[in-house]
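Undergrad: Please read through the structure below; I'll follow up with questions.
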Amino acid sequence: MKILVTGAAGFIGMHVSQILLARGDTVVGIDNLNDYYDPQLKHDRLARLTPLPGFRFMKLDVADRAGMDTLFATEKFDRVVHLAAQAGVRYSLVNPQAYIDSNIVGFTNVLEGCRHNQVQHLAYASSSSVYGGNTAMPFSEHHNIDHPVSMYAATKKANELMAHTYSHLFGLPTTGLRFFTVYGPWGRPDMALFLFTKAIIEDRQIDVFNHGQMIRDFTFVDDIAEGVVRVLDRPATADPAFDSAKPDPARSNAPYRVFNIGNSDPVKLMAFIEAIEAAVGKTAIKNFMPLQDGDVPATFADVSELTAWTGFKPGTPIAEGVGRFVAWYRAYFKR
């Protein structure tokens, strides 16, 4: 197949592209290579993709309407993996406009491209942050998500609503993927694992929010990428049992689905830090702080829907995943 991967220079985008290329698909990757974090890391990810047969890269911002229209009309993609977005909960508190431009305007351009060019399936990144103020654990796709607690979360919920509209009006199969705290080699520098590893190696203190009482469903990037490809291969279909009198948020009478992709094994933040300490071989200097605005104290994914749909369940243990990240970090930064 010929597949568009938006955000191909990103953390998850690189890993997804590698899987698609390894099995023989043609991948056109786009990215705007912005400076939200050090663009060199993005260039280095791309350097791993560009030599691979079947890969082409174009520097393009998904918010560029004319550029996206031309891309879709020219390339005629079979399927689309949309991973480009302005990421980060905390950054959305200080620069909400960036989230509107990328996550709302950009997503509209992707939907329009798919609608007008006979794309077979759109799989796109949502986020566990959509569960917001919901405290019922584990988080299920069948739960209500009407109480986002950050602009980032609000834009991801909006993406799911927009996708449903296009599935309903135009019969476009869309699948939203709610990622749960992705970590691993080539990860983003603004994520906790990257920040903690760097600080511990450099003997600097780490900021531990909510006084260490956070719980996260940390999910290794290889599991995330495998889940994305498995879902991409099975386009969403209408649920014939959908009851419009008792609508289920996870299903529809349109070709629309949403899935959690998480390890389904929540880990206390302090245990996560201990795994990093063990891999680095040093004890962290901890600075305990209150819960930050926009953060939630716990996440926990129910992945039964994903497993039933694809036969896949993430399962990389924390010690293994953290160990692989630290090994990559030391090699990449020569530390």
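Going through the structure tokens in order, the chains are called A, B, and so on, while each chain numbers its residues from 1 and the ligands are numbered from 1 in the order shown.
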Any idea what's packed within 8 Å of range 301-308 of chain A, counting only C-alpha atoms, ignoring anything in its chain fewer than 5 positions away? Could you give it as a PDB file with all heavy atoms, in the first residue's frame?
TA:
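Generated file (out.pdb):
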ATOM      1  N   MET A 137     -11.507   3.714  36.971  1.00  0.00           N
ATOM      2  CA  MET A 137     -10.383   2.950  36.437  1.00  0.00           C
ATOM      3  C   MET A 137     -10.788   1.488  36.238  1.00  0.00           C
ATOM      4  O   MET A 137     -11.534   0.938  37.040  1.00  0.00           O
ATOM      5  CB  MET A 137      -9.190   3.034  37.401  1.00  0.00           C
ATOM      6  CG  MET A 137      -8.653   4.424  37.620  1.00  0.00           C
ATOM      7  SD  MET A 137      -7.704   4.997  36.180  1.00  0.00           S
ATOM      8  CE  MET A 137      -7.377   6.694  36.678  1.00  0.00           C
ATOM      9  N   PRO A 138     -10.233   0.828  35.207  1.00  0.00           N
ATOM     10  CA  PRO A 138      -9.393   1.397  34.153  1.00  0.00           C
ATOM     11  C   PRO A 138     -10.218   2.223  33.174  1.00  0.00           C
ATOM     12  O   PRO A 138     -11.432   2.026  33.045  1.00  0.00           O
ATOM     13  CB  PRO A 138      -8.804   0.155  33.474  1.00  0.00           C
ATOM     14  CG  PRO A 138      -9.839  -0.907  33.676  1.00  0.00           C
ATOM     15  CD  PRO A 138     -10.431  -0.636  35.038  1.00  0.00           C
ATOM     16  N   PHE A 139      -9.547   3.141  32.476  1.00  0.00           N
ATOM     17  CA  PHE A 139     -10.229   3.958  31.479  1.00  0.00           C
ATOM     18  C   PHE A 139     -10.715   3.069  30.344  1.00  0.00           C
ATOM     19  O   PHE A 139      -9.959   2.278  29.791  1.00  0.00           O
ATOM     20  CB  PHE A 139      -9.279   5.004  30.904  1.00  0.00           C
ATOM     21  CG  PHE A 139      -8.882   6.097  31.864  1.00  0.00           C
ATOM     22  CD1 PHE A 139      -7.668   6.751  31.720  1.00  0.00           C
ATOM     23  CD2 PHE A 139      -9.711   6.480  32.904  1.00  0.00           C
ATOM     24  CE1 PHE A 139      -7.296   7.773  32.576  1.00  0.00           C
ATOM     25  CE2 PHE A 139      -9.352   7.498  33.784  1.00  0.00           C
ATOM     26  CZ  PHE A 139      -8.130   8.145  33.614  1.00  0.00           C
ATOM     27  N   SER A 140     -11.975   3.231  29.993  1.00  0.00           N
ATOM     28  CA  SER A 140     -12.574   2.440  28.921  1.00  0.00           C
ATOM     29  C   SER A 140     -13.110   3.350  27.832  1.00  0.00           C
ATOM     30  O   SER A 140     -13.596   4.455  28.120  1.00  0.00           O
ATOM     31  CB  SER A 140     -13.725   1.589  29.480  1.00  0.00           C
ATOM     32  OG  SER A 140     -14.525   1.069  28.440  1.00  0.00           O
ATOM     33  N   GLU A 141     -13.033   2.885  26.602  1.00  0.00           N
ATOM     34  CA  GLU A 141     -13.586   3.641  25.479  1.00  0.00           C
ATOM     35  C   GLU A 141     -15.086   3.859  25.637  1.00  0.00           C
ATOM     36  O   GLU A 141     -15.656   4.745  24.982  1.00  0.00           O
ATOM     37  CB  GLU A 141     -13.318   2.910  24.158  1.00  0.00           C
ATOM     38  CG  GLU A 141     -11.853   2.710  23.826  1.00  0.00           C
ATOM     39  CD  GLU A 141     -11.324   1.368  24.312  1.00  0.00           C
ATOM     40  OE1 GLU A 141     -11.923   0.802  25.262  1.00  0.00           O
ATOM     41  OE2 GLU A 141     -10.332   0.885  23.751  1.00  0.00           O
ATOM     42  N   PHE A 180      -1.280   5.887  25.700  1.00  0.00           N
ATOM     43  CA  PHE A 180      -1.040   6.038  27.134  1.00  0.00           C
ATOM     44  C   PHE A 180       0.458   6.148  27.408  1.00  0.00           C
ATOM     45  O   PHE A 180       1.208   5.185  27.263  1.00  0.00           O
ATOM     46  CB  PHE A 180      -1.621   4.839  27.894  1.00  0.00           C
ATOM     47  CG  PHE A 180      -3.104   4.923  28.139  1.00  0.00           C
ATOM     48  CD1 PHE A 180      -3.999   4.808  27.090  1.00  0.00           C
ATOM     49  CD2 PHE A 180      -3.606   5.133  29.417  1.00  0.00           C
ATOM     50  CE1 PHE A 180      -5.367   4.890  27.298  1.00  0.00           C
ATOM     51  CE2 PHE A 180      -4.974   5.220  29.644  1.00  0.00           C
ATOM     52  CZ  PHE A 180      -5.855   5.099  28.580  1.00  0.00           C
ATOM     53  N   ASP A 217       0.157   4.574  33.094  1.00  0.00           N
ATOM     54  CA  ASP A 217       0.161   3.340  32.307  1.00  0.00           C
ATOM     55  C   ASP A 217       1.213   3.499  31.207  1.00  0.00           C
ATOM     56  O   ASP A 217       0.894   3.730  30.050  1.00  0.00           O
ATOM     57  CB  ASP A 217      -1.228   3.098  31.714  1.00  0.00           C
ATOM     58  CG  ASP A 217      -1.452   1.640  31.360  1.00  0.00           C
ATOM     59  OD1 ASP A 217      -0.456   0.904  31.238  1.00  0.00           O
ATOM     60  OD2 ASP A 217      -2.610   1.237  31.201  1.00  0.00           O
ATOM     61  N   PHE A 259      -9.796   3.390  20.123  1.00  0.00           N
ATOM     62  CA  PHE A 259      -9.182   2.349  20.928  1.00  0.00           C
ATOM     63  C   PHE A 259      -8.138   2.926  21.871  1.00  0.00           C
ATOM     64  O   PHE A 259      -7.383   3.835  21.495  1.00  0.00           O
ATOM     65  CB  PHE A 259      -8.472   1.306  20.043  1.00  0.00           C
ATOM     66  CG  PHE A 259      -9.379   0.507  19.163  1.00  0.00           C
ATOM     67  CD1 PHE A 259      -9.411   0.727  17.799  1.00  0.00           C
ATOM     68  CD2 PHE A 259     -10.204  -0.474  19.694  1.00  0.00           C
ATOM     69  CE1 PHE A 259     -10.244  -0.019  16.975  1.00  0.00           C
ATOM     70  CE2 PHE A 259     -11.050  -1.222  18.884  1.00  0.00           C
ATOM     71  CZ  PHE A 259     -11.065  -0.989  17.521  1.00  0.00           C
ATOM     72  N   ASN A 260      -8.093   2.378  23.081  1.00  0.00           N
ATOM     73  CA  ASN A 260      -6.959   2.619  23.959  1.00  0.00           C
ATOM     74  C   ASN A 260      -5.781   1.785  23.485  1.00  0.00           C
ATOM     75  O   ASN A 260      -5.943   0.627  23.096  1.00  0.00           O
ATOM     76  CB  ASN A 260      -7.279   2.182  25.395  1.00  0.00           C
ATOM     77  CG  ASN A 260      -8.337   3.032  26.059  1.00  0.00           C
ATOM     78  OD1 ASN A 260      -8.497   4.204  25.736  1.00  0.00           O
ATOM     79  ND2 ASN A 260      -9.066   2.448  27.002  1.00  0.00           N
ATOM     80  N   ILE A 261      -4.587   2.358  23.532  1.00  0.00           N
ATOM     81  CA  ILE A 261      -3.360   1.572  23.373  1.00  0.00           C
ATOM     82  C   ILE A 261      -2.490   1.881  24.583  1.00  0.00           C
ATOM     83  O   ILE A 261      -1.871   2.947  24.677  1.00  0.00           O
ATOM     84  CB  ILE A 261      -2.594   1.884  22.081  1.00  0.00           C
ATOM     85  CG1 ILE A 261      -3.458   1.634  20.848  1.00  0.00           C
ATOM     86  CG2 ILE A 261      -1.335   1.029  22.001  1.00  0.00           C
ATOM     87  CD1 ILE A 261      -2.709   1.758  19.533  1.00  0.00           C
ATOM     88  N   GLY A 262      -2.483   0.956  25.535  1.00  0.00           N
ATOM     89  CA  GLY A 262      -1.701   1.113  26.751  1.00  0.00           C
ATOM     90  C   GLY A 262      -1.209  -0.237  27.233  1.00  0.00           C
ATOM     91  O   GLY A 262      -1.642  -1.284  26.749  1.00  0.00           O
ATOM     92  N   ASN A 263      -0.315  -0.208  28.200  1.00  0.00           N
ATOM     93  CA  ASN A 263       0.256  -1.447  28.717  1.00  0.00           C
ATOM     94  C   ASN A 263      -0.723  -2.192  29.622  1.00  0.00           C
ATOM     95  O   ASN A 263      -0.537  -3.361  29.933  1.00  0.00           O
ATOM     96  CB  ASN A 263       1.553  -1.156  29.488  1.00  0.00           C
ATOM     97  CG  ASN A 263       2.605  -2.215  29.280  1.00  0.00           C
ATOM     98  OD1 ASN A 263       2.852  -2.637  28.145  1.00  0.00           O
ATOM     99  ND2 ASN A 263       3.235  -2.658  30.363  1.00  0.00           N
ATOM    100  N   SER A 264      -1.763  -1.480  30.072  1.00  0.00           N
ATOM    101  CA  SER A 264      -2.778  -2.035  30.973  1.00  0.00           C
ATOM    102  C   SER A 264      -2.145  -2.583  32.247  1.00  0.00           C
ATOM    103  O   SER A 264      -2.577  -3.594  32.789  1.00  0.00           O
ATOM    104  CB  SER A 264      -3.595  -3.125  30.265  1.00  0.00           C
ATOM    105  OG  SER A 264      -4.821  -3.329  30.922  1.00  0.00           O
ATOM    106  N   ASP A 265      -1.112  -1.892  32.709  1.00  0.00           N
ATOM    107  CA  ASP A 265      -0.382  -2.293  33.914  1.00  0.00           C
ATOM    108  C   ASP A 265       0.188  -1.033  34.567  1.00  0.00           C
ATOM    109  O   ASP A 265       1.378  -0.748  34.458  1.00  0.00           O
ATOM    110  CB  ASP A 265       0.740  -3.266  33.552  1.00  0.00           C
ATOM    111  CG  ASP A 265       1.465  -3.799  34.785  1.00  0.00           C
ATOM    112  OD1 ASP A 265       0.892  -3.742  35.889  1.00  0.00           O
ATOM    113  OD2 ASP A 265       2.622  -4.258  34.629  1.00  0.00           O
ATOM    114  N   LYS A 313      -2.031  -7.184  22.231  1.00  0.00           N
ATOM    115  CA  LYS A 313      -2.048  -6.546  23.548  1.00  0.00           C
ATOM    116  C   LYS A 313      -0.631  -6.118  23.910  1.00  0.00           C
ATOM    117  O   LYS A 313       0.282  -6.956  23.951  1.00  0.00           O
ATOM    118  CB  LYS A 313      -2.573  -7.502  24.621  1.00  0.00           C
ATOM    119  CG  LYS A 313      -2.705  -6.881  26.008  1.00  0.00           C
ATOM    120  CD  LYS A 313      -3.241  -7.902  27.012  1.00  0.00           C
ATOM    121  CE  LYS A 313      -3.503  -7.246  28.367  1.00  0.00           C
ATOM    122  NZ  LYS A 313      -2.271  -6.675  28.977  1.00  0.00           N
TER     123      LYS A 313
END
Undergrad: Can you list every residue of range 128-176 of chain A that has an atom at most 7 Å from range 236-245 of chain A, with its nearest atom pair and the distance in Å to one decimal, using only C-alpha atoms, ordered by chain then number, as a Markdown table?
TA:
| residue | atom | partner | partner_atom | distance |
| --- | --- | --- | --- | --- |
| A:Pro173 | CA | A:Ala236 | CA | 5.1 |
| A:Thr174 | CA | A:Ala236 | CA | 6.0 |
| A:Thr175 | CA | A:Ala236 | CA | 6.1 |
Undergrad: Deliver the residues from the most recent selection as a file, using C-alpha atoms, as a compact mmCIF listing (two decimals), in the first residue's frame.
TA:
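Done, and the output landed in again.txt:
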# COMPACT_ATOMS: atom_id res chain seq x y z
CA PRO A 173 -13.45 4.89 7.94
CA THR A 174 -11.64 6.54 10.87
CA THR A 175 -9.99 5.07 13.95
Undergrad: Taking only C-alpha atoms into account, which of A:Pro185, A:Gly132, A:Pro148, A:Gly13 comes nearest Arg330 in chain A?
TA: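 Ranked by minimum distance to Arg330 in chain A, first place goes to A:Pro185.
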Undergrad: Which residues come within 6 Å of range 286-296 of chain A, counting only C-alpha atoms, excluding same-chain residues fewer than 3 positions away, as a list of chain:residue names?
TA: A:Val149, A:Ser150, A:Gln205, A:Ile206, A:Asp207, A:Val208, A:Phe209, A:Asn210, A:His211
Undergrad: For the residues in the current selection, export all heavy atoms as a CSV table (one decimal), in the first residue's frame.
TA:
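File again-v4.csv, as written:
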chain,number,residue,atom,x,y,z
A,149,VAL,N,-9.2,18.4,31.0
A,149,VAL,CA,-8.6,19.3,31.9
A,149,VAL,C,-7.4,20.1,31.4
A,149,VAL,O,-6.6,20.7,32.1
A,149,VAL,CB,-8.2,18.6,33.2
A,149,VAL,CG1,-9.4,18.1,33.9
A,149,VAL,CG2,-7.2,17.5,33.0
A,150,SER,N,-7.2,20.0,30.0
A,150,SER,CA,-6.2,20.8,29.4
A,150,SER,C,-6.6,21.1,27.9
A,150,SER,O,-7.5,20.4,27.4
A,150,SER,CB,-4.8,20.1,29.3
A,150,SER,OG,-4.9,18.9,28.5
A,205,GLN,N,18.9,17.5,40.3
A,205,GLN,CA,17.6,17.0,40.9
A,205,GLN,C,16.5,16.9,39.8
A,205,GLN,O,16.6,17.6,38.8
A,205,GLN,CB,17.2,18.0,42.0
A,205,GLN,CG,16.6,19.3,41.5
A,205,GLN,CD,16.1,20.2,42.7
A,205,GLN,OE1,16.4,19.9,43.8
A,205,GLN,NE2,15.3,21.2,42.3
A,206,ILE,N,15.6,16.0,40.1
A,206,ILE,CA,14.4,15.9,39.2
A,206,ILE,C,13.2,16.4,39.9
A,206,ILE,O,13.1,16.3,41.2
A,206,ILE,CB,14.2,14.4,38.8
A,206,ILE,CG1,13.9,13.5,40.0
A,206,ILE,CG2,15.4,13.9,38.0
A,206,ILE,CD1,13.6,12.0,39.7
A,207,ASP,N,12.3,17.0,39.2
A,207,ASP,CA,11.0,17.4,39.8
A,207,ASP,C,10.0,16.3,39.7
A,207,ASP,O,9.7,15.8,38.7
A,207,ASP,CB,10.5,18.6,39.0
A,207,ASP,CG,11.3,19.9,39.1
A,207,ASP,OD1,12.0,20.0,40.2
A,207,ASP,OD2,11.3,20.7,38.2
A,208,VAL,N,9.5,15.9,40.9
A,208,VAL,CA,8.6,14.8,41.1
A,208,VAL,C,7.2,15.4,41.5
A,208,VAL,O,7.0,15.8,42.6
A,208,VAL,CB,9.1,13.8,42.1
A,208,VAL,CG1,8.1,12.6,42.2
A,208,VAL,CG2,10.5,13.3,41.8
A,209,PHE,N,6.3,15.4,40.5
A,209,PHE,CA,5.0,16.1,40.7
A,209,PHE,C,4.1,15.2,41.5
A,209,PHE,O,4.2,14.0,41.6
A,209,PHE,CB,4.4,16.5,39.4
A,209,PHE,CG,5.2,17.6,38.7
A,209,PHE,CD1,6.1,17.3,37.6
A,209,PHE,CD2,5.2,18.9,39.2
A,209,PHE,CE1,6.8,18.3,37.0
A,209,PHE,CE2,5.9,19.9,38.6
A,209,PHE,CZ,6.8,19.6,37.5
A,210,ASN,N,3.1,15.9,42.1
A,210,ASN,CA,2.1,15.3,43.0
A,210,ASN,C,2.8,14.5,44.1
A,210,ASN,O,2.3,13.5,44.6
A,210,ASN,CB,1.2,14.4,42.2
A,210,ASN,CG,-0.2,14.1,42.9
A,210,ASN,OD1,-0.6,15.0,43.6
A,210,ASN,ND2,-0.8,13.0,42.6
A,211,HIS,N,3.9,15.0,44.5
A,211,HIS,CA,4.7,14.5,45.6
A,211,HIS,C,4.9,13.0,45.4
A,211,HIS,O,5.0,12.2,46.4
A,211,HIS,CB,4.0,14.7,47.0
A,211,HIS,CG,3.7,16.2,47.2
A,211,HIS,ND1,4.6,17.1,47.5
A,211,HIS,CD2,2.5,16.9,47.1
A,211,HIS,CE1,4.1,18.3,47.6
A,211,HIS,NE2,2.8,18.2,47.4
Undergrad: Counting only C-alpha atoms, which residue out of A:Leu60, A:Leu172, A:Ile104, A:Ile200 sits closest to Ala158 in chain A?
TA: A:Ile104
Undergrad: One decimal, Å: what's the distance from CA of Thr155 in chain A over to CA of His143 in chain A, could you say?
TA: 17.9 Å
